[in-house]
file structure26.cif (mmCIF, C-alpha atoms and all ligand atoms)
data_run
loop_
_atom_site.label_atom_id
_atom_site.label_comp_id
_atom_site.auth_asym_id
_atom_site.auth_seq_id
_atom_site.Cartn_x
_atom_site.Cartn_y
_atom_site.Cartn_z
CA MET A 255 -10.58 34.29 11.16
CA ASN A 256 -7.72 36.73 10.56
CA GLU A 257 -4.25 35.32 10.36
CA GLU A 258 -3.08 38.09 12.72
CA ARG A 259 -5.29 36.76 15.47
CA LEU A 260 -3.81 33.29 15.37
CA GLU A 261 -1.08 32.43 17.81
CA PRO A 262 2.42 32.25 16.35
CA GLY A 263 3.05 29.02 14.46
CA LEU A 264 -0.55 28.60 13.38
CA GLU A 265 -0.71 31.36 10.74
CA ARG A 266 0.43 29.04 7.96
CA TYR A 267 -2.60 26.84 8.63
CA ALA A 268 -5.10 29.73 8.60
CA ARG A 269 -7.14 28.45 5.66
CA GLN A 270 -7.86 25.04 7.14
CA ILE A 271 -8.43 26.54 10.60
CA LEU A 272 -11.01 28.78 8.95
CA PHE A 273 -12.94 25.63 8.04
CA SER A 274 -14.98 25.72 11.24
CA GLU A 275 -15.33 21.99 11.78
CA PHE A 276 -11.56 21.69 11.75
CA GLY A 277 -10.70 24.87 13.64
CA VAL A 278 -7.87 25.68 16.01
CA GLU A 279 -8.63 22.60 18.09
CA GLY A 280 -8.27 20.38 15.04
CA GLN A 281 -5.00 22.05 14.17
CA ARG A 282 -3.61 21.51 17.65
CA ALA A 283 -4.59 17.85 17.52
CA LEU A 284 -2.82 17.48 14.18
CA LEU A 285 0.33 19.19 15.45
CA GLY A 286 0.41 16.83 18.41
CA ALA A 287 0.00 13.70 16.34
CA ARG A 288 2.48 11.02 15.37
CA VAL A 289 1.76 9.27 12.07
CA VAL A 290 3.66 6.39 10.47
CA LEU A 291 3.51 6.16 6.69
CA VAL A 292 4.81 2.92 5.24
CA GLY A 293 5.96 3.28 1.64
CA VAL A 294 6.79 6.62 0.06
CA GLY A 295 6.29 5.76 -3.59
CA ALA A 296 3.37 6.95 -5.66
CA LEU A 297 0.63 6.81 -3.02
CA GLY A 298 2.93 7.56 -0.13
CA SER A 299 4.56 10.63 -1.64
CA HIS A 300 1.18 12.25 -2.20
CA ILE A 301 -0.01 11.36 1.29
CA ALA A 302 3.18 12.72 2.87
CA ASP A 303 2.88 15.95 0.89
CA SER A 304 -0.70 16.49 2.15
CA LEU A 305 0.06 15.68 5.77
CA VAL A 306 3.16 17.81 6.08
CA ARG A 307 1.43 20.80 4.50
CA ALA A 308 -1.55 20.26 6.84
CA GLY A 309 0.75 20.23 9.87
CA VAL A 310 0.92 16.68 11.21
CA GLY A 311 3.45 17.23 13.97
CA HIS A 312 5.52 14.09 13.57
CA LEU A 313 5.57 12.03 10.40
CA VAL A 314 7.64 8.87 10.12
CA LEU A 315 8.40 7.83 6.53
CA ALA A 316 9.47 4.20 6.12
CA ASP A 317 10.60 3.02 2.70
CA ARG A 318 13.03 0.39 1.46
CA ASP A 319 13.71 1.71 -2.01
CA TYR A 320 15.69 4.28 -3.95
CA ILE A 321 14.39 6.52 -6.74
CA GLU A 322 14.39 5.56 -10.41
CA LEU A 323 13.65 7.69 -13.45
CA ASN A 324 10.30 6.03 -14.22
CA ASN A 325 9.05 6.97 -10.73
CA LEU A 326 8.88 10.65 -11.66
CA GLN A 327 5.78 10.11 -13.83
CA ARG A 328 3.55 9.71 -10.77
CA GLN A 329 5.52 10.25 -7.58
CA ALA A 330 5.37 13.66 -5.95
CA LEU A 331 8.38 15.13 -4.14
CA TYR A 332 11.18 13.58 -6.25
CA ASP A 333 13.25 15.00 -9.07
CA GLU A 334 16.16 14.13 -11.34
CA ASP A 335 18.63 15.59 -8.89
CA ASP A 336 17.61 13.05 -6.23
CA ILE A 337 18.33 10.25 -8.69
CA ALA A 338 21.75 11.69 -9.57
CA GLN A 339 22.58 11.82 -5.85
CA GLY A 340 21.52 8.20 -5.37
CA LEU A 341 19.12 9.03 -2.55
CA PRO A 342 16.72 6.55 -0.98
CA LYS A 343 13.07 7.61 -1.23
CA ALA A 344 12.58 8.16 2.49
CA GLU A 345 15.58 10.50 2.71
CA ALA A 346 14.77 12.43 -0.50
CA ALA A 347 11.14 12.81 0.60
CA ALA A 348 12.15 14.06 4.04
CA ARG A 349 14.50 16.68 2.56
CA LYS A 350 11.79 17.98 0.26
CA LEU A 351 9.11 17.94 2.95
CA ARG A 352 11.27 19.89 5.39
CA ARG A 353 11.57 22.63 2.79
CA ILE A 354 7.78 22.67 2.51
CA ASN A 355 7.20 22.82 6.26
CA SER A 356 10.21 23.22 8.55
CA THR A 357 8.06 23.47 11.67
CA VAL A 358 7.02 19.80 11.84
CA THR A 359 9.20 16.74 12.36
CA VAL A 360 9.77 14.45 9.41
CA GLU A 361 11.62 11.27 10.30
CA PRO A 362 12.93 9.21 7.38
CA ARG A 363 13.53 5.51 7.96
CA VAL A 364 15.29 3.67 5.15
CA MET A 365 14.21 0.13 5.92
CA ASP A 366 12.34 -2.93 4.81
CA VAL A 367 9.32 -3.03 7.10
CA ASN A 368 8.96 -6.64 8.23
CA TYR A 369 7.97 -8.77 11.23
CA SER A 370 11.28 -8.11 12.95
CA ASN A 371 10.94 -4.32 13.09
CA VAL A 372 7.31 -3.27 12.52
CA GLU A 373 6.28 -3.25 16.20
CA ALA A 374 9.09 -0.87 17.10
CA LEU A 375 8.27 1.27 14.06
CA VAL A 376 4.61 1.86 14.96
CA GLN A 377 5.12 2.18 18.72
CA GLY A 378 3.42 5.35 19.91
CA ALA A 379 1.78 6.04 16.56
CA ASP A 380 -1.70 7.58 16.51
CA LEU A 381 -2.25 6.34 12.97
CA VAL A 382 -0.61 4.17 10.31
CA LEU A 383 -1.08 4.86 6.60
CA ASP A 384 -0.57 2.43 3.74
CA GLY A 385 1.68 3.46 0.88
CA THR A 386 2.93 -0.09 0.24
CA ASP A 387 2.86 -2.11 -2.95
CA ASN A 388 2.29 -5.70 -1.86
CA PHE A 389 -0.07 -7.99 0.05
CA GLU A 390 2.41 -9.19 2.66
CA ALA A 391 3.17 -5.66 3.81
CA ARG A 392 -0.53 -4.82 4.15
CA TYR A 393 -1.36 -7.95 6.12
CA LEU A 394 1.64 -7.21 8.32
CA LEU A 395 0.36 -3.66 8.95
CA ASN A 396 -3.07 -5.11 9.66
CA ASP A 397 -1.60 -7.54 12.20
CA VAL A 398 0.44 -4.96 14.04
CA CYS A 399 -2.32 -2.34 14.06
CA VAL A 400 -5.03 -4.73 15.26
CA LYS A 401 -2.69 -6.13 17.90
CA HIS A 402 -1.86 -2.68 19.30
CA GLY A 403 -5.20 -1.00 18.59
CA ILE A 404 -3.80 1.57 16.13
CA PRO A 405 -6.16 2.85 13.41
CA TRP A 406 -4.84 2.40 9.87
CA VAL A 407 -5.95 3.20 6.35
CA TYR A 408 -5.57 0.66 3.56
CA GLY A 409 -5.13 1.95 0.01
CA GLY A 410 -4.10 0.49 -3.33
CA VAL A 411 -4.05 1.48 -6.98
CA LEU A 412 -3.73 -0.32 -10.30
CA GLY A 413 -4.35 0.91 -13.83
CA SER A 414 -7.32 3.29 -13.60
CA TYR A 415 -8.53 1.70 -10.37
CA GLY A 416 -8.13 2.43 -6.69
CA ILE A 417 -9.41 1.00 -3.42
CA THR A 418 -9.34 2.22 0.17
CA MET A 419 -10.72 1.23 3.55
CA THR A 420 -10.33 2.68 7.03
CA ILE A 421 -9.72 0.21 9.82
CA LEU A 422 -10.41 0.97 13.47
CA PRO A 423 -9.30 -2.13 15.38
CA GLY A 424 -12.05 -3.61 17.52
CA ARG A 425 -14.66 -1.30 16.01
CA THR A 426 -14.67 -1.91 12.26
CA PRO A 427 -13.78 -4.91 10.09
CA CYS A 428 -10.06 -5.37 9.44
CA LEU A 429 -8.24 -6.33 6.25
CA ARG A 430 -8.51 -10.03 7.11
CA CYS A 431 -12.21 -9.68 7.81
CA LEU A 432 -12.41 -8.35 4.26
CA PHE A 433 -10.04 -10.84 2.63
CA PRO A 434 -9.16 -13.66 5.04
CA GLU A 435 -6.57 -14.99 2.60
CA MET A 436 -4.29 -13.65 -0.06
CA PRO A 437 -5.02 -14.76 -3.60
CA PRO A 438 -2.69 -17.45 -4.94
CA PRO A 439 0.46 -16.03 -6.56
CA GLY A 440 0.10 -15.34 -10.26
CA THR A 441 -3.67 -14.75 -10.16
CA THR A 442 -3.53 -10.99 -9.68
CA PRO A 443 -2.19 -8.57 -12.27
CA THR A 444 1.14 -7.05 -11.42
CA CYS A 445 2.52 -3.61 -12.06
CA ASP A 446 4.38 -5.01 -15.06
CA VAL A 447 1.22 -5.56 -17.08
CA ALA A 448 -1.45 -3.26 -15.69
CA GLY A 449 0.25 0.15 -15.75
CA ILE A 450 -0.97 3.12 -13.74
CA LEU A 451 -2.65 6.47 -14.37
CA GLY A 452 -1.34 9.33 -12.22
CA PRO A 453 -4.70 10.84 -11.19
CA VAL A 454 -6.01 7.71 -9.48
CA VAL A 455 -2.92 7.70 -7.28
CA LYS A 456 -3.68 11.25 -6.20
CA ILE A 457 -7.32 10.43 -5.50
CA ILE A 458 -6.58 7.45 -3.28
CA GLY A 459 -3.70 9.33 -1.63
CA ALA A 460 -6.03 12.28 -1.00
CA LEU A 461 -8.72 10.01 0.48
CA GLU A 462 -6.16 8.45 2.82
CA ALA A 463 -4.95 11.92 3.84
CA ALA A 464 -8.54 13.09 4.42
CA GLU A 465 -9.21 10.08 6.64
CA ALA A 466 -6.05 11.00 8.55
CA LEU A 467 -7.30 14.56 9.18
CA LYS A 468 -10.57 13.22 10.58
CA LEU A 469 -9.04 10.40 12.61
CA LEU A 470 -6.43 12.64 14.19
CA THR A 471 -8.90 15.37 15.11
CA GLY A 472 -11.72 13.02 16.05
CA ARG A 473 -14.06 15.02 13.82
CA GLY A 474 -16.01 14.42 10.65
CA ARG A 475 -17.39 11.16 9.29
CA LEU A 476 -14.97 8.39 8.35
CA ASN A 477 -15.23 6.14 5.30
CA PRO A 478 -17.88 3.65 6.45
CA GLY A 479 -16.88 0.80 4.14
CA LEU A 480 -14.79 -0.21 1.18
CA THR A 481 -14.40 2.46 -1.46
CA THR A 482 -13.51 1.64 -5.04
CA ILE A 483 -12.89 4.07 -7.85
CA ASP A 484 -12.40 3.51 -11.56
CA ILE A 485 -11.50 6.82 -13.15
CA TRP A 486 -11.63 5.40 -16.68
CA GLN A 487 -15.19 4.09 -16.37
CA TYR A 488 -16.09 6.89 -13.95
CA HIS A 489 -17.37 4.52 -11.33
CA LEU A 490 -17.23 5.46 -7.65
CA GLU A 491 -18.73 3.26 -5.00
CA THR A 492 -18.56 2.63 -1.27
CA VAL A 493 -19.96 -0.67 -0.08
CA PRO A 494 -20.37 -1.91 3.48
CA VAL A 495 -18.03 -4.64 4.64
CA ALA A 496 -19.73 -7.50 6.40
CA ARG A 497 -18.01 -9.08 9.34
CA VAL A 498 -18.98 -12.59 10.28
CA GLU A 499 -18.79 -12.55 14.09
CA GLY A 500 -15.88 -14.58 15.41
CA ALA A 501 -14.66 -15.62 11.97
CA CYS A 502 -11.63 -13.36 11.55
CA PRO A 503 -8.35 -15.01 12.58
CA THR A 504 -6.88 -11.61 13.39
CA CYS A 505 -9.49 -9.53 15.19
CA ALA A 506 -11.52 -12.40 16.64
CA GLY A 507 -8.81 -15.07 17.01
CA ARG A 508 -6.06 -12.58 17.98
CA ARG A 509 -3.73 -14.61 15.76
CA PHE A 510 -1.11 -12.46 14.05
CA ASP A 511 0.27 -14.79 11.40
CA PHE A 512 2.26 -12.16 9.53
CA LEU A 513 3.76 -10.68 12.66
CA GLU A 514 4.67 -14.05 14.11
CA ALA A 515 6.62 -15.11 11.03
CA THR A 516 10.18 -16.20 11.64
CA GLY A 517 13.07 -17.25 9.50
CA GLY A 518 16.40 -16.13 8.16
CA THR A 519 17.25 -14.53 4.86
CA LYS A 520 14.15 -13.30 3.07
CA THR A 521 13.95 -12.57 -0.65
CA THR A 522 11.22 -10.56 -2.37
CA THR A 523 10.74 -9.93 -6.07
CA LEU A 524 10.03 -6.22 -6.46
CA CYS A 525 6.96 -5.22 -8.40
CA GLY A 526 7.69 -4.23 -11.98
CA ARG A 527 11.39 -3.79 -11.32
CA ASN A 528 13.22 -6.89 -12.57
CA ALA A 529 14.83 -6.83 -9.15
CA VAL A 530 14.95 -8.88 -5.98
CA GLN A 531 15.35 -7.56 -2.45
CA VAL A 532 17.40 -9.64 -0.03
CA VAL A 533 16.81 -8.98 3.68
CA VAL A 534 18.58 -10.55 6.62
CA PRO A 535 16.42 -9.71 9.65
CA GLY A 536 18.51 -8.86 12.69
CA ALA A 537 21.79 -8.63 10.74
CA PRO A 538 24.42 -6.26 12.17
CA HIS A 539 24.81 -2.94 10.40
CA LEU A 540 27.18 -2.80 7.46
CA ASP A 541 30.02 -0.34 7.11
CA LEU A 542 29.47 0.81 3.54
CA GLY A 543 32.99 2.29 3.30
CA GLU A 544 34.52 -1.04 4.24
CA LEU A 545 32.23 -2.85 1.78
CA ALA A 546 33.21 -0.38 -0.96
CA GLY A 547 36.87 -1.26 -0.37
CA ARG A 548 36.06 -4.95 -0.63
CA LEU A 549 33.99 -4.58 -3.82
CA ARG A 550 36.15 -2.05 -5.66
CA PRO A 551 38.42 -4.68 -7.32
CA VAL A 552 35.51 -6.79 -8.59
CA CYS A 553 32.83 -4.29 -9.61
CA THR A 554 32.29 -1.25 -11.79
CA GLU A 555 30.32 1.98 -11.47
CA LEU A 556 30.79 2.06 -7.71
CA LEU A 557 28.94 4.86 -5.92
CA TYR A 558 28.32 5.23 -2.24
CA ASN A 559 27.02 7.77 0.27
CA GLU A 560 25.83 7.54 3.85
CA PHE A 561 22.55 5.91 2.78
CA LEU A 562 23.48 3.32 0.17
CA LEU A 563 26.20 1.73 -1.94
CA ARG A 564 25.67 0.88 -5.59
CA CYS A 565 27.84 -1.05 -8.04
CA THR A 566 27.61 -3.42 -10.98
CA VAL A 567 28.97 -6.96 -10.86
CA GLU A 568 28.62 -9.59 -13.56
CA GLY A 569 25.87 -7.56 -15.20
CA TYR A 570 23.78 -7.18 -12.02
CA GLU A 571 23.33 -3.87 -10.23
CA LEU A 572 23.67 -4.25 -6.48
CA THR A 573 22.31 -1.57 -4.15
CA VAL A 574 23.28 -2.20 -0.53
CA PHE A 575 21.92 -0.38 2.53
CA PRO A 576 23.52 0.00 5.97
CA ASP A 577 20.91 -2.39 7.44
CA ALA A 578 22.61 -5.20 5.43
CA ARG A 579 19.76 -5.24 2.96
CA ALA A 580 20.33 -5.38 -0.80
CA ILE A 581 18.30 -4.79 -3.93
CA ILE A 582 19.70 -6.81 -6.81
CA LYS A 583 18.62 -5.57 -10.20
CA GLY A 584 18.76 -7.55 -13.42
CA THR A 585 17.02 -10.70 -12.22
CA GLN A 586 13.75 -11.98 -10.82
CA ASP A 587 15.35 -15.23 -9.72
CA GLU A 588 15.29 -15.18 -5.92
CA ALA A 589 17.77 -18.06 -5.57
CA LEU A 590 20.26 -16.32 -7.85
CA ALA A 591 19.82 -13.09 -5.88
CA LYS A 592 20.58 -14.95 -2.64
CA THR A 593 23.72 -16.44 -4.20
CA LEU A 594 24.92 -13.05 -5.43
CA TYR A 595 24.26 -11.62 -1.98
CA ALA A 596 26.28 -14.37 -0.30
CA ARG A 597 29.17 -13.99 -2.75
CA PHE A 598 29.52 -10.22 -2.74
CA ILE A 599 27.97 -8.87 0.43
CA GLY A 600 28.05 -11.56 3.06
CA SER A 601 26.30 -14.74 4.02
CA MET B 211 -32.73 -13.95 -15.85
CA PRO B 212 -30.17 -11.52 -17.21
CA VAL B 213 -27.82 -10.20 -14.53
CA THR B 214 -25.17 -7.53 -14.98
CA VAL B 215 -21.72 -8.20 -13.58
CA ARG B 216 -19.35 -5.30 -13.03
CA ILE B 217 -15.80 -6.40 -13.73
CA PRO B 218 -13.17 -4.49 -11.69
CA VAL B 219 -9.88 -3.50 -13.28
CA PRO B 220 -7.83 -6.31 -11.65
CA LEU B 221 -10.02 -8.94 -13.37
CA ARG B 222 -10.53 -7.12 -16.66
CA GLN B 223 -7.64 -8.63 -18.58
CA ALA B 224 -9.17 -12.05 -18.02
CA VAL B 225 -12.46 -10.97 -19.64
CA GLU B 226 -11.15 -9.44 -22.85
CA GLY B 227 -11.08 -5.98 -21.31
CA LEU B 228 -14.83 -5.78 -20.66
CA SER B 229 -16.00 -3.64 -17.76
CA GLU B 230 -19.45 -5.24 -17.67
CA VAL B 231 -20.76 -8.65 -18.63
CA THR B 232 -24.40 -9.74 -18.84
CA LEU B 233 -25.21 -13.34 -18.01
CA GLU B 234 -28.20 -15.52 -17.17
CA ALA B 235 -28.16 -16.93 -13.65
CA THR B 236 -30.50 -17.41 -10.70
CA GLN B 237 -27.86 -17.86 -8.02
CA VAL B 238 -24.43 -16.35 -7.26
CA SER B 239 -22.64 -19.72 -7.52
CA ALA B 240 -24.15 -20.41 -10.93
CA LEU B 241 -23.25 -16.93 -12.09
CA LEU B 242 -19.61 -17.32 -11.08
CA GLN B 243 -19.49 -20.73 -12.75
CA ALA B 244 -20.97 -19.28 -15.96
CA LEU B 245 -18.41 -16.47 -15.88
CA GLU B 246 -15.55 -18.93 -15.52
CA GLU B 247 -16.90 -21.01 -18.38
CA ARG B 248 -17.22 -18.02 -20.66
CA PHE B 249 -13.81 -16.63 -19.67
CA PRO B 250 -11.47 -19.52 -18.85
CA ALA B 251 -8.74 -17.08 -17.76
CA LEU B 252 -10.88 -16.45 -14.64
CA ALA B 253 -10.45 -20.05 -13.47
CA GLY B 254 -9.47 -20.23 -9.81
CA ARG B 255 -10.17 -16.54 -9.22
CA LEU B 256 -13.91 -16.61 -8.51
CA ARG B 257 -14.51 -19.94 -6.81
CA ASP B 258 -12.62 -22.14 -4.38
CA GLY B 259 -11.93 -25.83 -4.98
CA SER B 260 -15.42 -26.87 -3.85
CA GLY B 261 -17.29 -24.23 -5.83
CA GLY B 262 -17.80 -21.88 -2.90
CA LEU B 263 -16.68 -18.28 -2.59
CA PRO B 264 -12.90 -17.99 -2.26
CA ARG B 265 -11.52 -16.23 0.80
CA PHE B 266 -9.87 -13.55 -1.33
CA LEU B 267 -12.97 -12.26 -3.14
CA ARG B 268 -15.98 -10.23 -2.05
CA VAL B 269 -19.22 -10.42 -4.00
CA TYR B 270 -21.93 -7.75 -3.79
CA VAL B 271 -25.44 -7.93 -5.20
CA ASN B 272 -26.97 -4.47 -5.61
CA GLY B 273 -24.43 -3.15 -3.12
CA GLN B 274 -25.19 -5.82 -0.51
CA ASP B 275 -22.41 -8.18 0.60
CA VAL B 276 -23.59 -11.72 -0.18
CA GLN B 277 -21.95 -12.94 3.03
CA LEU B 278 -24.82 -11.21 4.80
CA VAL B 279 -27.33 -13.01 2.60
CA ARG B 280 -26.69 -16.63 1.71
CA GLY B 281 -23.13 -16.56 0.37
CA ALA B 282 -22.71 -18.48 -2.87
CA GLU B 283 -26.36 -19.57 -2.60
CA THR B 284 -27.64 -16.00 -2.68
CA PRO B 285 -30.48 -15.84 -5.22
CA LEU B 286 -30.37 -13.49 -8.19
CA ALA B 287 -33.24 -11.72 -9.90
CA ASP B 288 -33.70 -10.13 -13.28
CA GLY B 289 -31.78 -6.86 -13.51
CA ASP B 290 -29.56 -7.45 -10.46
CA VAL B 291 -26.13 -5.83 -10.55
CA VAL B 292 -23.32 -7.95 -9.19
CA SER B 293 -19.98 -6.40 -8.22
CA LEU B 294 -16.84 -8.44 -7.74
CA LEU B 295 -14.18 -7.11 -5.37
CA PRO B 296 -10.79 -8.76 -5.35
CA PRO B 297 -7.97 -7.41 -3.18
CA LEU B 298 -5.47 -5.10 -4.75
CA ALA B 299 -1.79 -5.85 -4.45
CA GLY B 300 -0.47 -2.81 -6.24
CA GLY B 301 0.47 0.50 -4.76
CA TYR B 302 2.89 0.97 -7.45
CA THR B 303 5.67 2.59 -5.57
ZN ZN C 701 -10.62 -8.90 11.23
#

call {"tool": "encode", "arguments": {"input": "structure26.cif", "output": "structure tokens"}}
result
Amino acid sequence: MNEERLEPGLERYARQILFSEFGVEGQRALLGARVVLVGVGALGSHIADSLVRAGVGHLVLADRDYIELNNLQRQALYDEDDIAQGLPKAEAAARKLRRINSTVTVEPRVMDVNYSNVEALVQGADLVLDGTDNFEARYLLNDVCVKHGIPWVYGGVLGSYGITMTILPGRTPCLRCLFPEMPPPGTTPTCDVAGILGPVVKIIGALEAAEALKLLTGRGRLNPGLTTIDIWQYHLETVPVARVEGACPTCAGRRFDFLEATGGTKTTTLCGRNAVQVVVPGAPHLDLGELAGRLRPVCTELLYNEFLLRCTVEGYELTVFPDARAIIKGTQDEALAKTLYARFIGS
Amino acid sequence: MPVTVRIPVPLRQAVEGLSEVTLEATQVSALLQALEERFPALAGRLRDGSGGLPRFLRVYVNGQDVQLVRGAETPLADGDVVSLLPPLAGGYT
């Protein structure tokens, strides 16, 4: 197909439209789609890059973090300038993606995705993609997607290894059919010890993006099971996932344990970061300018913009977001992080 | 009956970095027990408190999920290839 014969707005997608099974119809479906990507780190930045170039019409990017220098080894979209500006990942990604494709909508959401906000986040989504880095977040996505019948793609990477599965609620096994429980803490290797090779991130990100193209156009053949890849041993395998009828608490029991969680202040140790995130679900928004005035006498290296405030107190680096959330760097002690939060930010 | 066990990356540190281990066993439960005995760092990661399959691990024999066969009691034959699939927390953002 000649680019000249395509209607205005579609020329940039000529090469994928030329792939006959995708075609103009596929492109229109993509442009009309709304996709929510949770986590825009290593996996997420590659997924977002693929989807925006391919022309997903509306992409929501939800991420709780800011960019650090050691992210640049494997994360697409970011550069040193973003770090100097103190930008959160979602915002920096959105700025870069809009320069790649200004004709689609990229909606950054700087937030901790949790039980209190995930249902609003995925409302109206055609598809949810996993760019997260922890079990709780994935089980939460599984709960919300099964509950509302939204397809989602699970993906994870570690070392030279990656894993992905496509979940169509009510039709295929879900994450809790696969693993009804999380392993006990301390029994799985963390980012601190296992490291990561860049290429495996791109492979799993590309597989997630490919599943998205098929799901959104309703064409092609989806991943029929659980795919694992070990690029160091060159082992690639897709195995079927058995579902014991009626056994899954989520898709059979319609019990959404992770979504129905409650509670006040929540602390999370961040993977490989020597940092703890403190979240107060439902807290009123913070005025960062006012907080800067309050902290100026007691802290050093104060920096703030419309997205975050950063300063150092008593040897800890506090990064505070307008949603009253903080990432406290320099400790993995969740109780200490809570105390620092109460002392310097608010109770 | 020698059986080959493929060790995925998340479990590899517990088995001295090996990607494959060969063991003698005639049943999945015995195989997992033998693995734990040979590599004590695997304790608690392959079996639940009563010796059954834990709810956070999938076991495949020649690509077939043992849950569709006889779970921990699934028999093993000479030359079988067993794959262990634990969940993956990382995402490494
Ligand atoms: Zn299920």

call {"tool": "residues_around", "arguments": {"input": "structure26.cif", "residues": "segment 352-358 of chain A", "least_positions_apart": "6", "cutoff": "12 Å", "atoms": "all atoms listed in the file", "output": "ChimeraX atom specification"}}
result
/A:262-267,284-289,302-314,331,345-346

call {"tool": "atom_distance", "arguments": {"input": "structure26.cif", "atom1": "atom CA of Gln237 of chain B", "atom2": "atom CA of Thr426 of chain A"}}
result
29.0 Å

call {"tool": "atom_distance", "arguments": {"input": "structure26.cif", "atom1": "atom CA of Thr471 of chain A", "atom2": "atom CA of Ala283 of chain A"}}
result
5.5 Å

call {"tool": "closest_atom_pairs", "arguments": {"input": "structure26.cif", "of": "chain B", "to": "chain A", "cutoff": "10 Å", "atoms": "only C-alpha atoms", "output": "tab-separated table"}}
result
residue	atom	partner	partner_atom	distance
B:Pro218	CA	A:Tyr415	CA	7.8
B:Val219	CA	A:Tyr415	CA	6.1
B:Pro220	CA	A:Pro443	CA	6.1
B:Leu221	CA	A:Thr442	CA	7.7
B:Arg222	CA	A:Pro443	CA	9.5
B:Gln223	CA	A:Pro443	CA	8.3
B:Ala224	CA	A:Pro443	CA	9.7
B:Ser229	CA	A:Gln487	CA	7.9
B:Ala251	CA	A:Thr441	CA	9.4
B:Leu252	CA	A:Thr441	CA	8.7
B:Ala253	CA	A:Thr441	CA	9.2
B:Gly254	CA	A:Thr441	CA	8.0
B:Arg255	CA	A:Thr441	CA	6.8
B:Pro264	CA	A:Glu435	CA	8.5
B:Arg265	CA	A:Glu435	CA	5.4
B:Phe266	CA	A:Phe433	CA	4.8
B:Leu267	CA	A:Phe433	CA	6.6
B:Arg268	CA	A:Leu432	CA	7.5
B:Tyr270	CA	A:Val493	CA	8.2
B:Asn272	CA	A:Val493	CA	9.7
B:Gly273	CA	A:Val493	CA	5.9
B:Gln274	CA	A:Val493	CA	7.4
B:Asp275	CA	A:Ala496	CA	6.4
B:Val276	CA	A:Ala496	CA	8.7
B:Gln277	CA	A:Ala496	CA	6.8
B:Leu278	CA	A:Ala496	CA	6.5
B:Ser293	CA	A:Val493	CA	10.0
B:Leu295	CA	A:Thr482	CA	8.8
B:Pro296	CA	A:Phe433	CA	8.3
B:Pro297	CA	A:Phe433	CA	7.1
B:Leu298	CA	A:Gly410	CA	5.9
B:Ala299	CA	A:Asn388	CA	4.8
B:Gly300	CA	A:Asp387	CA	4.7
B:Gly301	CA	A:Asp387	CA	4.0
B:Tyr302	CA	A:Asp387	CA	5.5
B:Thr303	CA	A:Gly295	CA	3.8

call {"tool": "closest_residue", "arguments": {"input": "structure26.cif", "among": "B:Leu233, B:Val269, B:Ala240, B:Val291", "to": "Pro212 of chain B", "atoms": "all atoms listed in the file"}}
result
B:Leu233

call {"tool": "atom_distance", "arguments": {"input": "structure26.cif", "atom1": "atom CA of Trp406 of chain A", "atom2": "atom CA of Leu375 of chain A"}}
result
13.8 Å

call {"tool": "residues_around", "arguments": {"input": "structure26.cif", "residues": "Val271 of chain B", "least_positions_apart": "5", "cutoff": "10 Å", "atoms": "only C-alpha atoms", "output": "PyMOL selection string"}}
result
chain B and resi 213-215+238+276+279+284-287+290-294

call {"tool": "closest_atom_pairs", "arguments": {"input": "structure26.cif", "of": "chain A", "to": "ligand ZN 701 (chain C)", "cutoff": "7 Å", "atoms": "all atoms listed in the file", "output": "tab-separated table"}}
result
residue	atom	partner	partner_atom	distance
A:Pro427	CA	C:ZN701	ZN	5.2
A:Cys428	CA	C:ZN701	ZN	4.0
A:Leu429	CA	C:ZN701	ZN	6.1
A:Arg430	CA	C:ZN701	ZN	4.8
A:Cys431	CA	C:ZN701	ZN	3.9
A:Cys502	CA	C:ZN701	ZN	4.6
A:Pro503	CA	C:ZN701	ZN	6.7
A:Thr504	CA	C:ZN701	ZN	5.1
A:Cys505	CA	C:ZN701	ZN	4.2
A:Ala506	CA	C:ZN701	ZN	6.5

call {"tool": "write_last_selection", "arguments": {"input": "structure26.cif", "atoms": "C-alpha atoms", "output": "compact mmCIF listing (two decimals), keeping the file's coordinate frame"}}
result
# COMPACT_ATOMS: atom_id res chain seq x y z
CA PRO A 427 -13.78 -4.91 10.09
CA CYS A 428 -10.06 -5.37 9.44
CA LEU A 429 -8.24 -6.33 6.25
CA ARG A 430 -8.51 -10.03 7.11
CA CYS A 431 -12.21 -9.68 7.81
CA CYS A 502 -11.63 -13.36 11.55
CA PRO A 503 -8.35 -15.01 12.58
CA THR A 504 -6.88 -11.61 13.39
CA CYS A 505 -9.49 -9.53 15.19
CA ALA A 506 -11.52 -12.40 16.64

call {"tool": "residues_around", "arguments": {"input": "structure26.cif", "residues": "segment 550-556 of chain A", "least_positions_apart": "3", "cutoff": "6 Å", "atoms": "only C-alpha atoms", "output": "list in words"}}
result
Ala546, Gly547, Arg564, Cys565, Thr566 and Val567 of chain A

call {"tool": "axis_aligned_box", "arguments": {"input": "structure26.cif", "around": "segment 251-255 of chain B", "padding_each_side": "5 Å", "output": "JSON"}}
result
{"center_x": -9.8, "center_y": -18.3, "center_z": -13.5, "size_x": 12.1, "size_y": 13.8, "size_z": 18.5}

call {"tool": "residues_near_point", "arguments": {"input": "structure26.cif", "point": "(22.0, -15.2, -2.2)", "cutoff": "9 Å", "atoms": "only C-alpha atoms", "output": "JSON, numbers by chain"}}
result
{"A": [519, 521, 532, 588, 589, 590, 591, 592, 593, 594, 595, 596, 597, 600, 601]}

call {"tool": "closest_residue", "arguments": {"input": "structure26.cif", "among": "A:Val290, A:Ala463, A:Ile485, A:Val534", "to": "Asp366 of chain A", "atoms": "only C-alpha atoms"}}
result
A:Val534
